[in-house]
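Student: Pasting upload_1.pdb below, which is PDB, C-alpha atoms and all ligand atoms.
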```pdb
ATOM      1  CA  MET C   1     119.822  63.262 114.108  1.00  0.00           C
ATOM      2  CA  PRO C   2     117.965  66.008 115.933  1.00  0.00           C
ATOM      3  CA  LYS C   3     114.704  67.183 114.482  1.00  0.00           C
ATOM      4  CA  VAL C   4     114.422  70.955 114.374  1.00  0.00           C
ATOM      5  CA  ARG C   5     111.983  73.552 113.082  1.00  0.00           C
ATOM      6  CA  VAL C   6     112.833  76.718 111.196  1.00  0.00           C
ATOM      7  CA  THR C   7     110.425  79.521 110.398  1.00  0.00           C
ATOM      8  CA  ARG C   8     110.285  82.152 107.697  1.00  0.00           C
ATOM      9  CA  ARG C   9     107.977  85.142 108.217  1.00  0.00           C
ATOM     10  CA  VAL C  10     106.345  86.640 105.154  1.00  0.00           C
ATOM     11  CA  HIS C  11     103.888  89.444 104.553  1.00  0.00           C
ATOM     12  CA  PHE C  12     101.167  90.284 102.085  1.00  0.00           C
ATOM     13  CA  SER C  13      98.278  92.705 101.740  1.00  0.00           C
ATOM     14  CA  ALA C  14      94.984  91.719 100.213  1.00  0.00           C
ATOM     15  CA  ALA C  15      91.315  92.638  99.927  1.00  0.00           C
ATOM     16  CA  HIS C  16      88.442  90.321 100.674  1.00  0.00           C
ATOM     17  CA  ARG C  17      84.815  90.031 101.653  1.00  0.00           C
ATOM     18  CA  LEU C  18      83.356  87.399 103.961  1.00  0.00           C
ATOM     19  CA  HIS C  19      80.034  86.393 102.475  1.00  0.00           C
ATOM     20  CA  ASN C  20      78.233  83.089 102.148  1.00  0.00           C
ATOM     21  CA  PRO C  21      75.839  83.188  99.185  1.00  0.00           C
ATOM     22  CA  ALA C  22      73.813  80.362 100.775  1.00  0.00           C
ATOM     23  CA  LEU C  23      72.798  82.739 103.593  1.00  0.00           C
ATOM     24  CA  THR C  24      70.547  85.803 103.468  1.00  0.00           C
ATOM     25  CA  ASP C  25      72.037  89.288 103.385  1.00  0.00           C
ATOM     26  CA  GLU C  26      70.803  89.780 106.948  1.00  0.00           C
ATOM     27  CA  GLU C  27      72.483  86.593 108.163  1.00  0.00           C
ATOM     28  CA  ASN C  28      75.709  87.501 106.391  1.00  0.00           C
ATOM     29  CA  ALA C  29      75.705  90.964 107.947  1.00  0.00           C
ATOM     30  CA  ARG C  30      75.051  89.522 111.403  1.00  0.00           C
ATOM     31  CA  ILE C  31      77.711  86.792 111.167  1.00  0.00           C
ATOM     32  CA  TYR C  32      80.492  88.721 109.458  1.00  0.00           C
ATOM     33  CA  GLY C  33      79.820  92.323 110.547  1.00  0.00           C
ATOM     34  CA  PRO C  34      82.155  94.806 108.840  1.00  0.00           C
ATOM     35  CA  CYS C  35      83.947  91.946 107.032  1.00  0.00           C
ATOM     36  CA  ASN C  36      80.712  91.523 105.004  1.00  0.00           C
ATOM     37  CA  HIS C  37      80.907  95.056 103.566  1.00  0.00           C
ATOM     38  CA  PRO C  38      79.962  94.694  99.877  1.00  0.00           C
ATOM     39  CA  ASN C  39      82.743  96.895  98.517  1.00  0.00           C
ATOM     40  CA  TRP C  40      85.617  94.938 100.082  1.00  0.00           C
ATOM     41  CA  HIS C  41      88.166  95.826 102.746  1.00  0.00           C
ATOM     42  CA  GLY C  42      91.793  94.971 103.235  1.00  0.00           C
ATOM     43  CA  HIS C  43      94.182  93.350 105.671  1.00  0.00           C
ATOM     44  CA  ASN C  44      97.928  93.367 106.130  1.00  0.00           C
ATOM     45  CA  TYR C  45      98.589  89.689 106.662  1.00  0.00           C
ATOM     46  CA  GLU C  46     101.646  88.270 108.407  1.00  0.00           C
ATOM     47  CA  MET C  47     102.434  84.602 108.006  1.00  0.00           C
ATOM     48  CA  ASP C  48     104.923  82.300 109.694  1.00  0.00           C
ATOM     49  CA  VAL C  49     105.893  79.273 107.634  1.00  0.00           C
ATOM     50  CA  THR C  50     107.547  76.533 109.721  1.00  0.00           C
ATOM     51  CA  VAL C  51     109.452  73.598 108.247  1.00  0.00           C
ATOM     52  CA  GLU C  52     110.531  70.584 110.299  1.00  0.00           C
ATOM     53  CA  GLY C  53     113.268  68.032 109.716  1.00  0.00           C
ATOM     54  CA  GLU C  54     116.886  67.132 110.275  1.00  0.00           C
ATOM     55  CA  PRO C  55     119.665  69.553 109.382  1.00  0.00           C
ATOM     56  CA  ASP C  56     121.759  68.523 106.400  1.00  0.00           C
ATOM     57  CA  PRO C  57     125.140  67.517 107.933  1.00  0.00           C
ATOM     58  CA  ARG C  58     126.948  69.026 104.955  1.00  0.00           C
ATOM     59  CA  THR C  59     125.410  72.513 105.239  1.00  0.00           C
ATOM     60  CA  GLY C  60     124.005  72.639 108.769  1.00  0.00           C
ATOM     61  CA  TYR C  61     120.747  73.807 107.221  1.00  0.00           C
ATOM     62  CA  LEU C  62     117.397  72.098 107.538  1.00  0.00           C
ATOM     63  CA  VAL C  63     116.229  74.151 104.581  1.00  0.00           C
ATOM     64  CA  ASP C  64     117.834  77.048 102.761  1.00  0.00           C
ATOM     65  CA  LEU C  65     115.733  79.996 103.950  1.00  0.00           C
ATOM     66  CA  GLY C  66     116.281  81.776 100.648  1.00  0.00           C
ATOM     67  CA  GLU C  67     114.750  78.819  98.815  1.00  0.00           C
ATOM     68  CA  LEU C  68     111.900  78.688 101.342  1.00  0.00           C
ATOM     69  CA  ARG C  69     111.326  82.418 100.824  1.00  0.00           C
ATOM     70  CA  ASP C  70     111.224  81.891  97.052  1.00  0.00           C
ATOM     71  CA  VAL C  71     108.563  79.182  97.206  1.00  0.00           C
ATOM     72  CA  ALA C  72     106.551  81.190  99.746  1.00  0.00           C
ATOM     73  CA  ASP C  73     106.780  84.155  97.368  1.00  0.00           C
ATOM     74  CA  GLU C  74     105.368  82.004  94.550  1.00  0.00           C
ATOM     75  CA  VAL C  75     102.233  81.487  96.635  1.00  0.00           C
ATOM     76  CA  ILE C  76     102.110  84.925  98.279  1.00  0.00           C
ATOM     77  CA  GLY C  77     102.630  86.571  94.896  1.00  0.00           C
ATOM     78  CA  GLN C  78      99.259  85.221  93.800  1.00  0.00           C
ATOM     79  CA  MET C  79      97.543  86.985  96.738  1.00  0.00           C
ATOM     80  CA  ASP C  80      99.577  90.125  97.419  1.00  0.00           C
ATOM     81  CA  HIS C  81      97.685  93.305  96.457  1.00  0.00           C
ATOM     82  CA  ARG C  82      94.891  91.151  95.017  1.00  0.00           C
ATOM     83  CA  ASN C  83      91.257  90.578  95.786  1.00  0.00           C
ATOM     84  CA  LEU C  84      91.107  87.146  97.421  1.00  0.00           C
ATOM     85  CA  ASN C  85      87.491  86.582  96.348  1.00  0.00           C
ATOM     86  CA  LEU C  86      88.044  87.435  92.682  1.00  0.00           C
ATOM     87  CA  ASP C  87      91.687  87.169  91.688  1.00  0.00           C
ATOM     88  CA  VAL C  88      93.034  83.904  93.096  1.00  0.00           C
ATOM     89  CA  PRO C  89      92.054  80.776  91.123  1.00  0.00           C
ATOM     90  CA  TRP C  90      92.609  78.391  94.046  1.00  0.00           C
ATOM     91  CA  LEU C  91      90.374  80.482  96.326  1.00  0.00           C
ATOM     92  CA  GLN C  92      87.357  80.446  94.029  1.00  0.00           C
ATOM     93  CA  GLY C  93      84.308  79.397  96.045  1.00  0.00           C
ATOM     94  CA  VAL C  94      86.223  79.657  99.334  1.00  0.00           C
ATOM     95  CA  ILE C  95      84.976  82.060 102.025  1.00  0.00           C
ATOM     96  CA  PRO C  96      88.305  83.830 102.701  1.00  0.00           C
ATOM     97  CA  SER C  97      88.259  83.645 106.492  1.00  0.00           C
ATOM     98  CA  THR C  98      91.643  83.346 108.137  1.00  0.00           C
ATOM     99  CA  GLU C  99      90.835  79.695 108.896  1.00  0.00           C
ATOM    100  CA  ASN C 100      90.032  78.852 105.283  1.00  0.00           C
ATOM    101  CA  LEU C 101      92.961  80.872 103.970  1.00  0.00           C
ATOM    102  CA  VAL C 102      95.537  79.131 106.143  1.00  0.00           C
ATOM    103  CA  VAL C 103      94.363  75.709 104.893  1.00  0.00           C
ATOM    104  CA  ALA C 104      94.303  76.809 101.242  1.00  0.00           C
ATOM    105  CA  ILE C 105      97.775  78.331 101.555  1.00  0.00           C
ATOM    106  CA  TRP C 106      99.027  75.107 103.160  1.00  0.00           C
ATOM    107  CA  ASN C 107      97.758  73.098 100.191  1.00  0.00           C
ATOM    108  CA  GLN C 108      99.661  75.376  97.822  1.00  0.00           C
ATOM    109  CA  LEU C 109     102.833  75.526  99.868  1.00  0.00           C
ATOM    110  CA  ALA C 110     103.291  71.982 101.214  1.00  0.00           C
ATOM    111  CA  PRO C 111     104.266  70.412  97.858  1.00  0.00           C
ATOM    112  CA  ARG C 112     106.717  73.244  97.143  1.00  0.00           C
ATOM    113  CA  VAL C 113     108.803  73.016 100.337  1.00  0.00           C
ATOM    114  CA  PRO C 114     112.308  72.252  99.044  1.00  0.00           C
ATOM    115  CA  ARG C 115     113.570  70.252 102.051  1.00  0.00           C
ATOM    116  CA  GLY C 116     112.046  68.921 105.277  1.00  0.00           C
ATOM    117  CA  ARG C 117     108.293  69.001 105.650  1.00  0.00           C
ATOM    118  CA  LEU C 118     105.844  71.796 106.233  1.00  0.00           C
ATOM    119  CA  ALA C 119     104.973  71.606 109.945  1.00  0.00           C
ATOM    120  CA  ARG C 120     102.907  74.698 110.695  1.00  0.00           C
ATOM    121  CA  ILE C 121     101.536  77.859 109.154  1.00  0.00           C
ATOM    122  CA  VAL C 122     100.394  80.735 111.332  1.00  0.00           C
ATOM    123  CA  LEU C 123      98.397  83.392 109.489  1.00  0.00           C
ATOM    124  CA  TRP C 124      97.795  86.731 111.200  1.00  0.00           C
ATOM    125  CA  GLU C 125      94.881  88.713 109.789  1.00  0.00           C
ATOM    126  CA  THR C 126      95.318  91.525 112.316  1.00  0.00           C
ATOM    127  CA  PRO C 127      97.856  92.010 115.118  1.00  0.00           C
ATOM    128  CA  ARG C 128      95.248  90.442 117.440  1.00  0.00           C
ATOM    129  CA  ASN C 129      93.830  87.545 115.370  1.00  0.00           C
ATOM    130  CA  TYR C 130      95.524  84.536 113.845  1.00  0.00           C
ATOM    131  CA  ALA C 131      94.714  81.053 112.646  1.00  0.00           C
ATOM    132  CA  GLU C 132      97.195  78.195 112.542  1.00  0.00           C
ATOM    133  CA  TYR C 133      97.254  74.900 110.682  1.00  0.00           C
ATOM    134  CA  THR C 134      99.473  71.856 110.962  1.00  0.00           C
ATOM    135  CA  GLY C 135      98.001  69.805 108.141  1.00  0.00           C
ATOM    136  CA  GLU C 136      95.674  67.645 110.236  1.00  0.00           C
TER     137      GLU C 136
HETATM  138 NI    NI C 201      88.335  90.957 106.829  1.00  0.00          NI
END
```
Please lay out the structure from this file as structure tokens.
Tutor:
Amino acid sequence: MPKVRVTRRVHFSAAHRLHNPALTDEENARIYGPCNHPNWHGHNYEMDVTVEGEPDPRTGYLVDLGELRDVADEVIGQMDHRNLNLDVPWLQGVIPSTENLVVAIWNQLAPRVPRGRLARIVLWETPRNYAEYTGE
């Protein structure tokens, strides 16, 4: 059977602050620039969730995209219109860089994928910056 990949694109908006408490305020400001602003700032995130596997011969689907959307919404719903530093239990103690977020989201999403296996997540923080993770 052919192995294919299907992708669902989802969106969420969230506030965060990049700050490492182990560093001085000066180091934080130098490393993170405006993303270190104490009173938070927001991003409109776009995320591509890619699942890989063989299509079910009965349906022709690798994964029902409605079901994939629902499980993505379970995870996104915990971040959308929230403060990533304060409001999300599984991001406590995580510096919410795009790199760290894409890995944390993977860990939430991978066990929920209803069919096939999670192959790739691409997380866009701005239209010009993204991080991707394939579980390695
Ligand atoms: Ni930021």
Student: Taking all atoms listed in the file into account, which residues have an atom no farther than 8 Å from ligand NI 201 (chain C)? I'd like them as a list of chain:residue names.
Tutor: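 Protein and nucleic-acid residues within 8 Å of ligand NI 201 (chain C): C:Ala15, C:His16, C:Arg17, C:Leu18, C:Pro34, C:Cys35, C:Asn36, C:His41, C:Gly42, C:His43, C:Ser97, C:Glu125.
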Student: Return the padded bounding box of range 55-67 of chain C as lines of an AutoDock Vina configuration file: axis-aligned, built from all atoms listed in the file, 8 Å added on each side, with centre and edge lengths in Å to one decimal.
Tutor:
```
center_x = 120.8
center_y = 74.6
center_z = 104.1
size_x = 28.2
size_y = 30.3
size_z = 26.6
```
Student: Using the chain letters and numbers from the file, give me the residues hit by the PyMOL selection byres (((chain C and resi 44) around 10) and not hetatm), as a PDB file with C-alpha atoms, in the frame of the given file.
Tutor:
```pdb
ATOM      1  CA  HIS C  11     103.888  89.444 104.553  1.00  0.00           C
ATOM      2  CA  PHE C  12     101.167  90.284 102.085  1.00  0.00           C
ATOM      3  CA  SER C  13      98.278  92.705 101.740  1.00  0.00           C
ATOM      4  CA  ALA C  14      94.984  91.719 100.213  1.00  0.00           C
ATOM      5  CA  ALA C  15      91.315  92.638  99.927  1.00  0.00           C
ATOM      6  CA  GLY C  42      91.793  94.971 103.235  1.00  0.00           C
ATOM      7  CA  HIS C  43      94.182  93.350 105.671  1.00  0.00           C
ATOM      8  CA  TYR C  45      98.589  89.689 106.662  1.00  0.00           C
ATOM      9  CA  GLU C  46     101.646  88.270 108.407  1.00  0.00           C
ATOM     10  CA  ASP C  80      99.577  90.125  97.419  1.00  0.00           C
ATOM     11  CA  HIS C  81      97.685  93.305  96.457  1.00  0.00           C
ATOM     12  CA  TRP C 124      97.795  86.731 111.200  1.00  0.00           C
ATOM     13  CA  GLU C 125      94.881  88.713 109.789  1.00  0.00           C
ATOM     14  CA  THR C 126      95.318  91.525 112.316  1.00  0.00           C
ATOM     15  CA  PRO C 127      97.856  92.010 115.118  1.00  0.00           C
TER      16      PRO C 127
END
```
Student: Would you give me, as JSON lines, each residue of range 2-38 of chain C having an atom within 8 Å of an atom of range 48-70 of chain C, along with its shortest atom pair and that distance in Å to one decimal, using all atoms listed in the file and sorting by chain and residue number?
Tutor:
```
{"residue": "C:Pro2", "atom": "CA", "partner": "C:Glu54", "partner_atom": "CA", "distance": 5.9}
{"residue": "C:Lys3", "atom": "CA", "partner": "C:Glu54", "partner_atom": "CA", "distance": 4.7}
{"residue": "C:Val4", "atom": "CA", "partner": "C:Gly53", "partner_atom": "CA", "distance": 5.6}
{"residue": "C:Arg5", "atom": "CA", "partner": "C:Glu52", "partner_atom": "CA", "distance": 4.3}
{"residue": "C:Val6", "atom": "CA", "partner": "C:Val51", "partner_atom": "CA", "distance": 5.5}
{"residue": "C:Thr7", "atom": "CA", "partner": "C:Thr50", "partner_atom": "CA", "distance": 4.2}
{"residue": "C:Arg8", "atom": "CA", "partner": "C:Val49", "partner_atom": "CA", "distance": 5.3}
{"residue": "C:Arg9", "atom": "CA", "partner": "C:Asp48", "partner_atom": "CA", "distance": 4.4}
{"residue": "C:Val10", "atom": "CA", "partner": "C:Asp48", "partner_atom": "CA", "distance": 6.4}
```
Student: If we count all atoms listed in the file and set the cut-off at 12 Å, which residues sit around Gly93 in chain C, ignoring sequence neighbours fewer than 5 positions away in its own chain? Please answer as a VMD selection string.
Tutor: chain C and resid 18 to 22 84 to 88 100 to 101 104
Student: With a distance cut-off of 8 Å and all atoms listed in the file, select the neighbouring residues of Glu132 in chain C, excluding the residue or stretch itself and same-chain residues fewer than 2 positions from it, and output the selection as a list in words.
Tutor: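 The contact residues come out as Glu99, Val102, Arg120, Ile121, Val122, Leu123, Tyr130 and Thr134 of chain C.
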Student: For Val75 in chain C, which residue among C:Pro89, C:Gly116, C:Pro38, C:Gly33 is the nearest when counting only C-alpha atoms?
Tutor: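 Once distances to Val75 in chain C are computed over only C-alpha atoms, the minimum belongs to C:Pro89.
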Student: Using all atoms listed in the file, which of C:Leu109, C:Ala29, C:Val103, C:Leu23 sits nearest Gly135 in chain C?
Tutor: C:Val103
